[in-house]
Each structure stands twice: as C-alpha cells, then as structure tokens.
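Okay, entry08.txt now, which holds compact mmCIF, C-alpha atoms:
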```txt
# COMPACT_ATOMS: atom_id res chain seq x y z
CA MET V 17 -29.32 -1.02 15.29
CA ILE V 18 -30.23 -4.71 14.98
CA THR V 19 -33.92 -5.28 15.65
CA SER V 20 -35.28 -6.72 18.89
CA GLU V 21 -36.47 -9.81 16.99
CA ILE V 22 -32.87 -11.03 17.00
CA ARG V 23 -32.92 -11.20 20.80
CA GLU V 24 -35.98 -13.45 20.70
CA LEU V 25 -33.92 -16.11 18.89
CA PHE V 26 -31.76 -16.67 22.01
CA PRO V 27 -33.76 -18.77 24.50
CA ILE V 28 -31.31 -18.33 27.40
CA LEU V 29 -31.93 -14.57 27.48
CA LYS V 30 -35.58 -15.05 28.46
CA GLN V 31 -34.77 -16.09 32.02
CA GLU V 32 -34.50 -14.13 35.25
CA VAL V 33 -31.38 -14.11 37.42
CA ASN V 34 -31.74 -13.19 41.08
CA GLY V 35 -35.22 -11.88 40.41
CA HIS V 36 -34.20 -9.64 37.50
CA PRO V 37 -34.38 -10.14 33.73
CA LEU V 38 -30.97 -11.39 32.58
CA VAL V 39 -28.61 -8.86 31.02
CA TYR V 40 -25.77 -10.91 29.53
CA LEU V 41 -22.65 -8.79 29.02
CA ASP V 42 -19.99 -11.50 28.85
CA SER V 43 -19.91 -12.38 25.16
CA ALA V 44 -16.14 -11.89 24.92
CA ALA V 45 -15.86 -14.97 27.15
CA THR V 46 -18.53 -16.92 25.29
CA SER V 47 -21.54 -15.92 23.23
CA GLN V 48 -25.05 -17.22 23.66
CA LYS V 49 -26.56 -19.55 21.07
CA PRO V 50 -29.54 -18.86 18.79
CA ILE V 51 -32.28 -21.44 18.39
CA GLN V 52 -30.98 -22.26 14.90
CA VAL V 53 -27.72 -23.57 16.33
CA ILE V 54 -29.44 -25.46 19.13
CA GLU V 55 -31.80 -27.10 16.63
CA ALA V 56 -28.91 -28.00 14.30
CA LEU V 57 -27.17 -29.84 17.13
CA LYS V 58 -30.41 -31.56 18.11
CA HIS V 59 -31.11 -32.61 14.52
CA TYR V 60 -27.61 -34.00 14.07
CA TYR V 61 -27.82 -36.17 17.18
CA GLU V 62 -31.37 -37.30 16.44
CA TRP V 63 -30.90 -38.06 12.72
CA ASP V 64 -27.30 -38.05 11.45
CA ASN V 65 -25.13 -39.17 14.36
CA ALA V 66 -22.36 -41.40 12.97
CA ASN V 67 -18.62 -41.31 12.58
CA VAL V 68 -17.29 -39.52 9.52
CA HIS V 69 -15.00 -40.61 6.67
CA ARG V 70 -15.29 -44.27 7.68
CA GLY V 71 -18.53 -45.93 6.63
CA VAL V 72 -20.59 -46.15 3.49
CA HIS V 73 -23.91 -46.47 5.31
CA THR V 74 -26.44 -43.66 5.02
CA LEU V 75 -25.90 -42.06 8.43
CA GLY V 76 -22.13 -42.07 7.95
CA SER V 77 -22.50 -40.41 4.57
CA ARG V 78 -24.85 -37.76 5.93
CA ALA V 79 -22.57 -37.04 8.89
CA THR V 80 -19.56 -36.72 6.58
CA ASP V 81 -21.45 -34.38 4.27
CA ALA V 82 -22.51 -32.22 7.22
CA TYR V 83 -18.97 -32.13 8.67
CA GLU V 84 -17.25 -31.28 5.39
CA GLY V 85 -20.05 -28.86 4.53
CA ALA V 86 -19.25 -26.97 7.72
CA ARG V 87 -15.60 -26.79 6.66
CA ALA V 88 -16.66 -25.23 3.37
CA LYS V 89 -18.74 -22.65 5.27
CA VAL V 90 -15.79 -21.68 7.47
CA ALA V 91 -13.52 -21.34 4.43
CA LYS V 92 -15.97 -19.05 2.68
CA PHE V 93 -16.74 -17.08 5.85
CA ILE V 94 -13.12 -16.01 6.37
CA GLY V 95 -12.12 -15.85 2.71
CA ALA V 96 -9.79 -18.85 2.50
CA SER V 97 -8.81 -19.87 -1.01
CA SER V 98 -9.42 -23.57 -0.36
CA GLU V 99 -11.26 -25.82 2.08
CA GLN V 100 -7.94 -27.65 2.50
CA GLU V 101 -6.69 -24.57 4.36
CA ILE V 102 -9.22 -25.07 7.18
CA ILE V 103 -8.27 -27.39 10.03
CA PHE V 104 -10.96 -28.05 12.63
CA THR V 105 -9.64 -27.67 16.19
CA ARG V 106 -11.06 -27.36 19.70
CA GLY V 107 -10.70 -23.59 19.43
CA THR V 108 -8.26 -20.72 19.11
CA THR V 109 -5.94 -22.09 21.79
CA THR V 110 -5.50 -25.43 20.04
CA ALA V 111 -5.05 -23.72 16.67
CA ILE V 112 -2.24 -21.49 17.94
CA ASN V 113 -0.60 -24.44 19.67
CA ILE V 114 -0.55 -26.37 16.39
CA VAL V 115 1.36 -23.56 14.70
CA ALA V 116 3.70 -23.04 17.66
CA SER V 117 4.38 -26.77 17.98
CA SER V 118 4.53 -27.85 14.35
CA TYR V 119 5.54 -24.88 12.19
CA ALA V 120 7.51 -22.79 14.70
CA ARG V 121 9.66 -25.52 16.13
CA SER V 122 10.60 -26.71 12.64
CA VAL V 123 11.81 -23.31 11.42
CA LEU V 124 13.12 -21.53 14.52
CA ARG V 125 16.80 -21.56 15.37
CA GLU V 126 18.80 -20.01 18.20
CA GLY V 127 18.80 -16.23 17.86
CA ASP V 128 15.64 -16.07 15.76
CA GLU V 129 12.88 -13.76 16.94
CA ILE V 130 9.19 -14.22 17.73
CA VAL V 131 7.37 -10.88 17.89
CA LEU V 132 4.24 -10.43 20.03
CA THR V 133 2.48 -7.61 21.89
CA PRO V 134 1.92 -7.18 25.65
CA MET V 135 -1.85 -7.32 25.07
CA GLU V 136 -1.86 -10.98 24.00
CA HIS V 137 -4.18 -13.51 25.60
CA HIS V 138 -2.24 -16.25 27.38
CA SER V 139 -3.23 -18.58 24.54
CA ASN V 140 -1.19 -16.43 22.16
CA LEU V 141 1.69 -16.02 24.58
CA ILE V 142 2.50 -19.26 26.40
CA PRO V 143 2.78 -21.42 23.23
CA TRP V 144 5.39 -18.99 21.91
CA GLN V 145 7.24 -18.98 25.23
CA GLN V 146 7.46 -22.76 24.96
CA ALA V 147 8.56 -22.63 21.34
CA ALA V 148 11.28 -20.13 22.26
CA LYS V 149 12.52 -22.33 25.10
CA ALA V 150 12.61 -25.37 22.83
CA THR V 151 14.50 -23.66 19.99
CA GLY V 152 16.59 -20.91 21.54
CA ALA V 153 14.56 -18.22 19.82
CA THR V 154 13.99 -14.83 21.45
CA LEU V 155 10.65 -13.22 22.34
CA LYS V 156 10.25 -9.54 21.45
CA TYR V 157 7.30 -7.25 22.14
CA ILE V 158 5.88 -4.35 20.18
CA PRO V 159 5.46 -1.59 22.81
CA LEU V 160 2.03 -0.19 23.60
CA GLN V 161 1.01 3.43 23.33
CA PRO V 162 -0.39 5.10 26.49
CA ASP V 163 -3.96 4.19 25.44
CA GLY V 164 -3.03 0.55 24.77
CA SER V 165 -2.90 0.76 20.99
CA ILE V 166 0.20 0.03 18.90
CA SER V 167 1.84 2.24 16.30
CA LEU V 168 3.16 1.02 12.98
CA THR V 169 6.37 2.92 13.66
CA ASP V 170 6.93 0.69 16.68
CA VAL V 171 6.07 -2.34 14.57
CA GLU V 172 8.71 -1.30 12.05
CA ASN V 173 11.25 -0.80 14.82
CA THR V 174 10.54 -4.15 16.48
CA ILE V 175 10.44 -6.55 13.52
CA THR V 176 13.85 -7.27 12.02
CA ASP V 177 15.40 -9.65 9.52
CA ARG V 178 15.90 -12.08 12.41
CA THR V 179 12.15 -12.19 13.03
CA LYS V 180 10.62 -15.45 11.85
CA ILE V 181 7.14 -15.27 13.36
CA VAL V 182 4.84 -12.37 14.27
CA SER V 183 1.73 -13.32 16.25
CA VAL V 184 -0.77 -10.61 17.16
CA VAL V 185 -4.34 -10.50 18.39
CA TYR V 186 -6.74 -8.85 15.92
CA VAL V 187 -8.99 -7.48 18.69
CA SER V 188 -7.85 -7.26 22.32
CA ASN V 189 -10.17 -8.99 24.77
CA VAL V 190 -9.28 -6.38 27.41
CA LEU V 191 -8.61 -3.09 25.68
CA GLY V 192 -10.99 -3.45 22.74
CA VAL V 193 -8.12 -2.37 20.49
CA VAL V 194 -8.49 -3.29 16.81
CA ASN V 195 -4.96 -3.89 15.58
CA PRO V 196 -3.85 -3.03 12.01
CA ILE V 197 -3.26 -6.65 11.04
CA LYS V 198 -2.94 -6.09 7.29
CA GLU V 199 -0.22 -3.49 7.75
CA ILE V 200 1.59 -5.57 10.36
CA ALA V 201 1.54 -8.55 7.99
CA GLN V 202 3.07 -6.41 5.25
CA ILE V 203 5.91 -5.39 7.55
CA ALA V 204 6.42 -8.98 8.71
CA HIS V 205 6.57 -10.28 5.15
CA LYS V 206 9.01 -7.55 4.15
CA HIS V 207 11.43 -9.11 6.63
CA GLY V 208 10.63 -12.70 5.60
CA ALA V 209 8.55 -13.48 8.70
CA LYS V 210 5.23 -15.32 8.88
CA MET V 211 2.11 -13.72 10.36
CA MET V 212 -0.16 -15.49 12.86
CA VAL V 213 -3.44 -13.84 13.90
CA ASP V 214 -5.49 -14.57 17.02
CA GLY V 215 -8.98 -14.04 15.64
CA ALA V 216 -10.99 -15.15 18.67
CA GLN V 217 -12.51 -11.70 19.26
CA SER V 218 -12.55 -10.42 15.68
CA THR V 219 -14.28 -13.25 13.80
CA PRO V 220 -17.64 -12.91 15.63
CA HIS V 221 -17.88 -9.15 15.13
CA MET V 222 -16.52 -8.11 11.76
CA LYS V 223 -15.92 -9.29 8.22
CA VAL V 224 -12.67 -11.23 7.98
CA ASP V 225 -10.83 -11.89 4.72
CA VAL V 226 -7.63 -13.79 5.36
CA GLN V 227 -6.48 -13.30 1.79
CA ASP V 228 -6.90 -9.54 2.02
CA LEU V 229 -5.12 -9.52 5.39
CA ASP V 230 -2.46 -11.76 3.82
CA CYS V 231 -1.89 -13.48 7.14
CA ASP V 232 -0.19 -16.87 7.04
CA PHE V 233 -2.20 -18.38 9.91
CA TYR V 234 -5.50 -17.36 11.51
CA ALA V 235 -7.23 -18.93 14.53
CA LEU V 236 -10.88 -18.72 15.59
CA SER V 237 -13.26 -20.15 18.20
CA GLY V 238 -16.83 -21.20 17.44
CA HIS V 239 -18.24 -20.55 20.92
CA LYS V 240 -17.58 -16.80 20.66
CA MET V 241 -19.53 -16.55 17.38
CA CYS V 242 -22.85 -18.15 18.38
CA GLY V 243 -21.53 -21.67 17.85
CA PRO V 244 -20.96 -24.55 20.29
CA THR V 245 -18.06 -24.85 22.69
CA GLY V 246 -15.18 -27.16 21.84
CA ILE V 247 -14.97 -26.29 18.13
CA GLY V 248 -12.77 -23.84 16.28
CA ALA V 249 -10.55 -23.66 13.26
CA LEU V 250 -7.04 -22.96 12.11
CA TYR V 251 -6.54 -21.33 8.72
CA GLY V 252 -3.14 -21.72 7.18
CA LYS V 253 -1.79 -21.02 3.74
CA LYS V 254 -1.80 -24.32 1.90
CA ALA V 255 1.92 -24.35 1.08
CA LEU V 256 2.76 -23.89 4.76
CA LEU V 257 0.33 -26.53 6.03
CA GLU V 258 1.55 -29.06 3.49
CA ASN V 259 5.08 -28.82 4.88
CA MET V 260 4.02 -29.02 8.53
CA GLU V 261 4.01 -32.23 10.55
CA PRO V 262 0.89 -33.29 12.46
CA VAL V 263 0.90 -32.82 16.24
CA GLU V 264 -1.61 -35.59 17.04
CA PHE V 265 -1.24 -39.11 15.68
CA GLY V 266 -3.73 -41.94 15.39
CA GLY V 267 -6.76 -42.94 13.39
CA GLU V 268 -8.08 -41.02 10.42
CA MET V 269 -5.01 -38.84 9.88
CA ILE V 270 -3.01 -41.68 8.32
CA ASP V 271 -2.51 -42.78 4.75
CA HIS V 272 -0.45 -45.96 5.18
CA VAL V 273 0.74 -47.65 8.36
CA ASP V 274 3.49 -50.25 8.71
CA LEU V 275 4.93 -51.66 11.91
CA TYR V 276 7.78 -49.13 11.89
CA GLU V 277 6.73 -46.28 9.57
CA SER V 278 3.56 -44.41 8.64
CA THR V 279 2.50 -41.75 6.17
CA TRP V 280 -0.17 -39.08 6.49
CA LYS V 281 -3.31 -38.13 4.65
CA GLU V 282 -3.46 -34.98 2.57
CA LEU V 283 -4.77 -31.70 3.89
CA PRO V 284 -6.75 -31.00 5.94
CA TRP V 285 -7.21 -34.45 7.44
CA LYS V 286 -3.59 -35.06 8.47
CA PHE V 287 -4.17 -32.58 11.32
CA GLU V 288 -7.46 -34.15 12.48
CA GLY V 289 -6.52 -37.40 14.17
CA GLY V 290 -9.21 -39.46 15.87
CA THR V 291 -12.95 -38.90 15.80
CA PRO V 292 -13.36 -35.18 15.10
CA ILE V 293 -15.75 -32.75 16.76
CA ILE V 294 -18.53 -33.58 14.32
CA ALA V 295 -21.53 -32.09 16.12
CA GLY V 296 -19.48 -29.01 16.98
CA ALA V 297 -18.65 -28.49 13.32
CA VAL V 298 -22.31 -28.86 12.39
CA GLY V 299 -23.22 -26.29 15.03
CA LEU V 300 -20.49 -23.93 13.85
CA GLY V 301 -21.82 -24.21 10.31
CA ALA V 302 -25.29 -23.29 11.56
CA ALA V 303 -23.83 -20.35 13.48
CA ILE V 304 -22.12 -19.07 10.33
CA ASP V 305 -25.40 -19.35 8.43
CA PHE V 306 -27.07 -17.31 11.17
CA LEU V 307 -24.38 -14.62 11.28
CA GLN V 308 -24.41 -14.24 7.51
CA GLU V 309 -28.18 -13.93 7.51
CA VAL V 310 -27.94 -11.09 10.05
CA GLY V 311 -25.00 -9.60 8.15
CA MET V 312 -21.51 -9.05 9.50
CA ASP V 313 -21.60 -5.37 8.55
CA ASN V 314 -24.82 -5.00 10.56
CA ILE V 315 -23.27 -6.77 13.54
CA TYR V 316 -20.17 -4.57 13.41
CA LYS V 317 -22.23 -1.36 13.23
CA HIS V 318 -24.43 -2.55 16.09
CA ASP V 319 -21.40 -3.34 18.26
CA ILE V 320 -19.86 0.07 17.59
CA GLN V 321 -23.09 1.89 18.40
CA LEU V 322 -23.49 -0.02 21.65
CA THR V 323 -19.87 0.55 22.63
CA ASN V 324 -20.09 4.26 21.94
CA TYR V 325 -23.27 4.46 23.99
CA ALA V 326 -21.68 2.49 26.82
CA MET V 327 -18.57 4.68 26.79
CA GLU V 328 -20.73 7.81 26.92
CA ARG V 329 -22.81 6.53 29.84
CA MET V 330 -20.08 4.81 31.84
CA THR V 331 -17.51 7.61 31.65
CA GLN V 332 -20.04 9.84 33.39
CA ILE V 333 -19.84 7.64 36.49
CA GLU V 334 -17.52 9.29 38.99
CA ASP V 335 -14.51 7.16 40.05
CA LEU V 336 -15.01 4.68 37.21
CA VAL V 337 -11.86 4.14 35.12
CA VAL V 338 -12.15 2.77 31.59
CA TYR V 339 -9.11 1.13 29.98
CA GLY V 340 -8.16 1.27 26.32
CA PRO V 341 -8.60 3.82 23.53
CA THR V 342 -11.60 6.10 23.31
CA ALA V 343 -11.99 5.49 19.57
CA ASN V 344 -11.55 2.61 17.13
CA ARG V 345 -12.44 0.02 19.74
CA ALA V 346 -14.48 -3.16 19.53
CA GLY V 347 -17.60 -4.13 21.47
CA LEU V 348 -16.37 -4.24 25.05
CA VAL V 349 -15.57 -1.92 27.92
CA THR V 350 -13.05 -2.91 30.60
CA PHE V 351 -13.15 -0.87 33.79
CA ASN V 352 -12.56 -0.54 37.51
CA LEU V 353 -14.76 1.25 40.01
CA GLY V 354 -12.68 3.10 42.58
CA ASP V 355 -10.93 0.72 44.97
CA VAL V 356 -13.68 -1.88 44.81
CA HIS V 357 -12.31 -5.25 43.77
CA PRO V 358 -13.65 -6.27 40.34
CA HIS V 359 -14.98 -9.55 41.78
CA ASP V 360 -17.04 -7.56 44.26
CA VAL V 361 -18.31 -5.33 41.46
CA ALA V 362 -19.30 -8.39 39.42
CA THR V 363 -21.03 -9.94 42.43
CA VAL V 364 -23.20 -6.90 43.05
CA LEU V 365 -23.99 -6.61 39.35
CA ASP V 366 -24.98 -10.29 39.30
CA ALA V 367 -27.38 -9.63 42.16
CA GLU V 368 -29.02 -7.13 39.79
CA GLY V 369 -29.18 -9.72 36.98
CA VAL V 370 -26.25 -8.20 35.06
CA ALA V 371 -23.55 -10.68 34.01
CA VAL V 372 -20.04 -9.25 33.47
CA ARG V 373 -16.55 -10.77 33.65
CA ALA V 374 -14.05 -10.00 36.41
CA GLY V 375 -10.42 -11.04 36.72
CA HIS V 376 -7.23 -10.79 34.68
CA HIS V 377 -8.97 -12.08 31.51
CA CYS V 378 -6.05 -14.42 30.76
CA CYS V 379 -3.88 -11.34 30.23
CA GLN V 380 -1.68 -11.07 33.31
CA PRO V 381 1.19 -9.21 31.57
CA LEU V 382 -1.30 -6.65 30.29
CA MET V 383 -2.75 -6.23 33.78
CA ARG V 384 0.74 -5.42 35.03
CA TRP V 385 1.15 -2.90 32.19
CA LEU V 386 -2.14 -1.32 33.30
CA GLU V 387 -0.83 -1.39 36.90
CA VAL V 388 -3.84 -3.31 38.20
CA SER V 389 -4.31 -6.87 39.37
CA SER V 390 -7.64 -7.33 37.63
CA THR V 391 -10.55 -5.51 36.01
CA ALA V 392 -14.24 -5.88 35.28
CA ARG V 393 -15.40 -6.18 31.67
CA ALA V 394 -18.72 -5.70 29.93
CA SER V 395 -18.78 -7.12 26.41
CA PHE V 396 -21.56 -6.80 23.86
CA TYR V 397 -22.98 -8.73 20.95
CA LEU V 398 -25.81 -8.64 18.47
CA TYR V 399 -28.45 -9.57 21.08
CA ASN V 400 -27.63 -6.66 23.39
CA THR V 401 -29.48 -3.34 23.44
CA GLU V 402 -29.04 0.16 24.82
CA ALA V 403 -31.48 -0.88 27.54
CA ASP V 404 -28.90 -3.45 28.65
CA ILE V 405 -26.34 -0.66 28.95
CA ASP V 406 -28.80 1.38 31.00
CA ARG V 407 -29.27 -1.60 33.33
CA LEU V 408 -25.48 -1.91 33.66
CA VAL V 409 -25.10 1.77 34.54
CA LEU V 410 -27.92 1.60 37.10
CA ALA V 411 -26.33 -1.49 38.67
CA LEU V 412 -22.95 0.25 38.79
CA GLN V 413 -24.53 3.18 40.58
CA LYS V 414 -25.99 0.77 43.12
CA THR V 415 -22.55 -0.78 43.50
CA LYS V 416 -21.14 2.66 44.27
CA GLU V 417 -23.74 3.14 46.97
CA TYR V 418 -23.07 -0.28 48.46
CA PHE V 419 -19.29 0.18 48.55
CA GLY V 420 -19.30 3.91 49.20
CA HIS V 421 -16.41 3.65 51.65
CA ALA V 422 -14.13 2.24 48.95
CA ILE V 423 -14.92 4.86 46.32
CA GLY V 424 -12.90 8.00 45.85
```

Can you give me the file's structure in the form of structure tokens?
Amino acid sequence: MITSEIRELFPILKQEVNGHPLVYLDSAATSQKPIQVIEALKHYYEWDNANVHRGVHTLGSRATDAYEGARAKVAKFIGASSEQEIIFTRGTTTAINIVASSYARSVLREGDEIVLTPMEHHSNLIPWQQAAKATGATLKYIPLQPDGSISLTDVENTITDRTKIVSVVYVSNVLGVVNPIKEIAQIAHKHGAKMMVDGAQSTPHMKVDVQDLDCDFYALSGHKMCGPTGIGALYGKKALLENMEPVEFGGEMIDHVDLYESTWKELPWKFEGGTPIIAGAVGLGAAIDFLQEVGMDNIYKHDIQLTNYAMERMTQIEDLVVYGPTANRAGLVTFNLGDVHPHDVATVLDAEGVAVRAGHHCCQPLMRWLEVSSTARASFYLYNTEADIDRLVLALQKTKEYFGHAIG
C-alpha cells in the first residue's frame, strides 16, 4: 500500500466536513491536488505569467518553455512517439469532439459504421451521434455481458469491413470494467477502422503506452490525475493529425493569412488556436512529475487493494447491490442501497463527512441497461486508505438505520 505520507501532500484532505474528518471518495469525478501542483500553479502566476509563442522577452520565453515542457512530459507519460502527437485541450470531452468533428466527418460516408459500447460516458457517445447524423453513418454497439464486461467474440461479431471508427472507454466510470483495448484495436485495424480511446479513467491509475495499445487516438483529462481543471490532451498518430483540419480558427494556429485564404501551422499548434491553457499545462506537467515519483505501478496496486477491500466489506452489507464485475475492475465501486434513492444515500454519507457521487454519472444508456435510474459511486485514489473504506461502511450502516423503512 502507498504510505500515509502521500496523504499529507494533499492540503484539502486535512479539513473536517460536517464535524467529521473528510473522506473523499469521488476521485472518478475529479481528483484532489497535491501541494506540488498547487505550488507549480502559484509559481507560474507569480514569476512566469506571459503569453506563449509570441514574445521574445524573458517572461514569454520562460512561459513558452514551461508550456512546451509540459507537452513533452505528456508525450513521454503515455508513450507517444513525438511531442507533435500531443494536442492540449480542455479535457477528454474536447479531445473526443476534435476527432469526431475533424477526422470522423471527413472520412465517414452514408452506410459507414461507428462502433461503441453501451458503457460509454456521454462525452464518448454524443459526439459520435452528431457525426453519424451529419454523415449518414450508423452507430453500432458491442453488447455487454451480464456483469457489464465485453467479450472479444462480441467485438469480432460487431466490427465489420464497413466500420470506420471504433471508440471505447478504457476504464468504465460506472462499472469499473477495464476493457481489452489492445485486442479491440487489433480487431478494428484488421477491418481498416481507426481506434479512439477514452482514457479519462485509465490515465490516472495505470501505465499507458499508446504505441503498445496501437490506438489511433487517445484522450485524457488532467483534473482526474492530480492536475488542474480545464486541461487535457488528445494523442493522435502523426499521419492522421497532419491530414485533419482544425476545428477552432484564430490566432496562433495560423501560418499565413490573406484577406480570402489562410494556411495553418504545423503540428501540434494548428489545433491550439488562441491563447492556450498555459497555467493548466504547467500544472499538468507538475502532476505527471508527482505521479511518476509515486510510481504508476504502485498507484495501480494500491487502487486494486483498496477496491478488493471495499468489495469485501461492502458486499457484506445486506440489501446493498454492487454493479460491475467482481474481478478485473478499477478503483471504484458503484452501488445502490435497497430502495433508498442514491441522492439520499449521498446526503447521509456527506453528513458523516464521506463524499461520494450520486446520479447517472453521465451514462444514461448504461443506467437503463442496469435497469436503474441512478446509482451511488465510491471511487478511490492514491490518497485513500482502508480506514476510509471503513468510514464508508460505517456511514452506509447508519444510512440503513436512518432509511430502515426503504430497505429490504
């Protein structure tokens, strides 16, 4: 397990909520930030704040070096072959929208197929719905197994020679399923399709090597991996990005502008119009430094241990239903407690200082597949401990007592 010293690096965790020490179990929504990231943001604004790529003065040069240095860190962190393959975005949602708007709409024709799964976050569903409407392409879905996982046999049966794009979440934010992305990419490529990966939940918790996965596009969000909000990245294979048109136009993404025609800068800057998210990139770079210092293998092992412990404790609670597979799952547990509405569960837990998420988790089609309107979710990260799980279980038992009439 990761040592308790790690927890001390997160200032927000030292507070009390409703008279109880805070137990933060909502990292799948957003992670907390270590002091190293907070200090990096503070230092940037106090010492280096300037626009990038524009001036030759000292602050401008330092800001540019910090911004491009963060790009290099992201490229190395996920195994990209070149920094030119990393486009800074506002997050996973923006990254997927770039691919769906630029690449997809340029290659899709009527009758082509886009293959997804029913477990996709809305951010990896709605952009493809819009692309299909705009091009006449068809959406297809890999069916789920009873436990919410997918089988490669079903993948083989769903992807055809008409499939042009396959877009799948690496780790489900509801089920905790870890999908076999490398194998799915192999099947997609066998049929001539391109592979897009929603890496919002995988990048913070496990080693990612986009070259080993052989995905064509990969999206990530900084705020889920100890970085600031409003910053993320799109990885794309260089040959694909070079042939894609920008989706935002304006300053800094141009090469030459005439009154009636313009040309674009080379990668990656043609996709980064306007003043970029400079401080966010600096903070993301600091977050990557922090995660690498802790060790992604250590984080993954810690998450698995916590999840196994949580599954063992929570499944002993009578009338509590856990969704998703019992094995090979990431660091979260999604559940319902009898007939108590998840928002009511979350409210009682909050009164005990335990923060969990309640709702449809931006996965309404998956909720319908589960035959529920919403669920509660506890999600873990490197700063959580088994004591946090014990607090969660105790709070759930108090919730049962409070709503006894709705249980059973």

Any idea what's packed within 6 Å of range 48-61 of chain V, counting all atoms listed in the file, ignoring anything in its chain fewer than 5 positions away? Could you give it as a VMD selection string?
chain V and resid 25 to 26 242 299 302 to 303

For Asp128 in chain V, which residue among V:Glu99, V:Ile112, V:Asp225, V:Gly208 is the nearest when counting only C-alpha atoms?
V:Gly208

Return the single residue from V:Lys156, V:Arg393, V:Arg178, V:His377 that is closest to Arg125 in chain V, with distances computed using all atoms listed in the file.
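Counting all atoms listed in the file, the residue closest to Arg125 in chain V is V:Arg178.
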
Neighbouring residues of Asn400 in chain V were defined as those with any atom within 12 Å, considering all atoms listed in the file; residues of the same chain fewer than 4 positions away were excluded. Please report them as a ChimeraX atom specification.
/V:17-24,26,29,38-43,47-48,315,318-323,325-326,347-348,370,394-396,404-408

For Arg106 in chain V, work out the shell of residues within 6 Å, counting all atoms listed in the file and skipping chain neighbours fewer than 5 positions away, then give it as a PyMOL selection string.
chain V and resi 246-248

Go ahead and save the residues from that selection, with C-alpha atoms, as a JSON list (two decimals), in the coordinates of the input.
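What landed in selection03.json:
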```json
[["chain", "number", "residue", "atom", "x", "y", "z"],
["V", 246, "GLY", "CA", -15.18, -27.16, 21.84],
["V", 247, "ILE", "CA", -14.97, -26.29, 18.13],
["V", 248, "GLY", "CA", -12.77, -23.84, 16.28]]
```

In Å and to one decimal, CA of Thr46 in chain V is distant from CA of Leu365 in chain V by 18.3 Å

Give me, as a ChimeraX atom specification, all polymer residues having an atom no more than 7 Å from Tyr186 in chain V, counting all atoms listed in the file and skipping those fewer than 4 positions away in the same chain.
/V:194-195,197,213-215,218

Selection export as a tab-separated table (two decimals), in the frame of the given file, atoms kept: C-alpha atoms:
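And here is the file that came out, out.tsv:
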```
chain	number	residue	atom	x	y	z
V	194	VAL	CA	-8.49	-3.29	16.81
V	195	ASN	CA	-4.96	-3.89	15.58
V	197	ILE	CA	-3.26	-6.65	11.04
V	213	VAL	CA	-3.44	-13.84	13.90
V	214	ASP	CA	-5.49	-14.57	17.02
V	215	GLY	CA	-8.98	-14.04	15.64
V	218	SER	CA	-12.55	-10.42	15.68
```

Spatial neighbours of range 65-81 of chain V, max dist 12 Å, all atoms listed in the file, sep filter under 4 positions, as an mmCIF file with C-alpha atoms, keeping the file's coordinate frame:
```cif
data_model
loop_
_atom_site.group_PDB
_atom_site.id
_atom_site.type_symbol
_atom_site.label_atom_id
_atom_site.label_comp_id
_atom_site.auth_asym_id
_atom_site.auth_seq_id
_atom_site.Cartn_x
_atom_site.Cartn_y
_atom_site.Cartn_z
ATOM 1 C CA ALA V 56 -28.910 -28.000 14.300
ATOM 2 C CA LEU V 57 -27.170 -29.840 17.130
ATOM 3 C CA LYS V 58 -30.410 -31.560 18.110
ATOM 4 C CA HIS V 59 -31.110 -32.610 14.520
ATOM 5 C CA TYR V 60 -27.610 -34.000 14.070
ATOM 6 C CA TYR V 61 -27.820 -36.170 17.180
ATOM 7 C CA GLY V 85 -20.050 -28.860 4.530
ATOM 8 C CA ALA V 86 -19.250 -26.970 7.720
ATOM 9 C CA ARG V 87 -15.600 -26.790 6.660
ATOM 10 C CA ALA V 88 -16.660 -25.230 3.370
ATOM 11 C CA GLY V 267 -6.760 -42.940 13.390
ATOM 12 C CA GLU V 268 -8.080 -41.020 10.420
ATOM 13 C CA MET V 269 -5.010 -38.840 9.880
ATOM 14 C CA TRP V 285 -7.210 -34.450 7.440
ATOM 15 C CA GLU V 288 -7.460 -34.150 12.480
ATOM 16 C CA GLY V 289 -6.520 -37.400 14.170
ATOM 17 C CA GLY V 290 -9.210 -39.460 15.870
ATOM 18 C CA THR V 291 -12.950 -38.900 15.800
ATOM 19 C CA PRO V 292 -13.360 -35.180 15.100
ATOM 20 C CA ILE V 293 -15.750 -32.750 16.760
ATOM 21 C CA ILE V 294 -18.530 -33.580 14.320
ATOM 22 C CA ALA V 295 -21.530 -32.090 16.120
ATOM 23 C CA GLY V 296 -19.480 -29.010 16.980
ATOM 24 C CA ALA V 297 -18.650 -28.490 13.320
ATOM 25 C CA VAL V 298 -22.310 -28.860 12.390
ATOM 26 C CA GLY V 301 -21.820 -24.210 10.310
#
```

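Comparing V:Val226, V:Val190, V:Ile28, V:Ala209 by their smallest distance to Ser97 in chain V, the closest is V:Val226 (using all atoms listed in the file).
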
Separation of CA of Phe93 in chain V and CA of Leu283 in chain V, in Å?
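According to the coordinates, CA of Phe93 in chain V and CA of Leu283 in chain V are separated by 19.0 Å.
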
Figure out the distance between CA of Ala201 in chain V and CA of Leu257 in chain V, please, to one decimal in Å.
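Answer for the CA of Leu257 in chain V to CA of Ala201 in chain V separation: 18.1 Å.
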
Within 7 Å of (-20.4, 3.8, 30.7), in the coordinates the file gives, what residues turn up when you count all atoms listed in the file, written out as an MDAnalysis selection string?
chainID V and resid 326:333 409

Atoms added to range 407-417 of chain V (N, CA and C atoms), reported as a short mmCIF file (atom, residue, chain, number, x, y, z; two decimals), in the frame of the given file:
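To be explicit, this is the file written out as out.cif:
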```
data_model
loop_
_atom_site.label_atom_id
_atom_site.label_comp_id
_atom_site.auth_asym_id
_atom_site.auth_seq_id
_atom_site.Cartn_x
_atom_site.Cartn_y
_atom_site.Cartn_z
N ARG V 407 -29.22 -0.72 32.16
CA ARG V 407 -29.27 -1.60 33.33
C ARG V 407 -27.89 -1.72 33.97
N LEU V 408 -26.85 -1.83 33.16
CA LEU V 408 -25.48 -1.91 33.66
C LEU V 408 -25.13 -0.65 34.44
N VAL V 409 -25.43 0.51 33.89
CA VAL V 409 -25.10 1.77 34.54
C VAL V 409 -25.85 1.91 35.86
N LEU V 410 -27.12 1.54 35.86
CA LEU V 410 -27.92 1.60 37.10
C LEU V 410 -27.33 0.66 38.15
N ALA V 411 -26.92 -0.53 37.73
CA ALA V 411 -26.33 -1.49 38.67
C ALA V 411 -24.98 -0.99 39.19
N LEU V 412 -24.21 -0.32 38.34
CA LEU V 412 -22.95 0.25 38.79
C LEU V 412 -23.17 1.36 39.81
N GLN V 413 -24.21 2.13 39.61
CA GLN V 413 -24.53 3.18 40.58
C GLN V 413 -24.93 2.58 41.93
N LYS V 414 -25.65 1.46 41.88
CA LYS V 414 -25.99 0.77 43.12
C LYS V 414 -24.75 0.19 43.78
N THR V 415 -23.81 -0.26 42.97
CA THR V 415 -22.55 -0.78 43.50
C THR V 415 -21.78 0.32 44.22
N LYS V 416 -21.79 1.52 43.64
CA LYS V 416 -21.14 2.66 44.27
C LYS V 416 -21.75 2.94 45.64
N GLU V 417 -23.06 2.88 45.70
CA GLU V 417 -23.74 3.14 46.97
C GLU V 417 -23.40 2.07 48.00
#
```
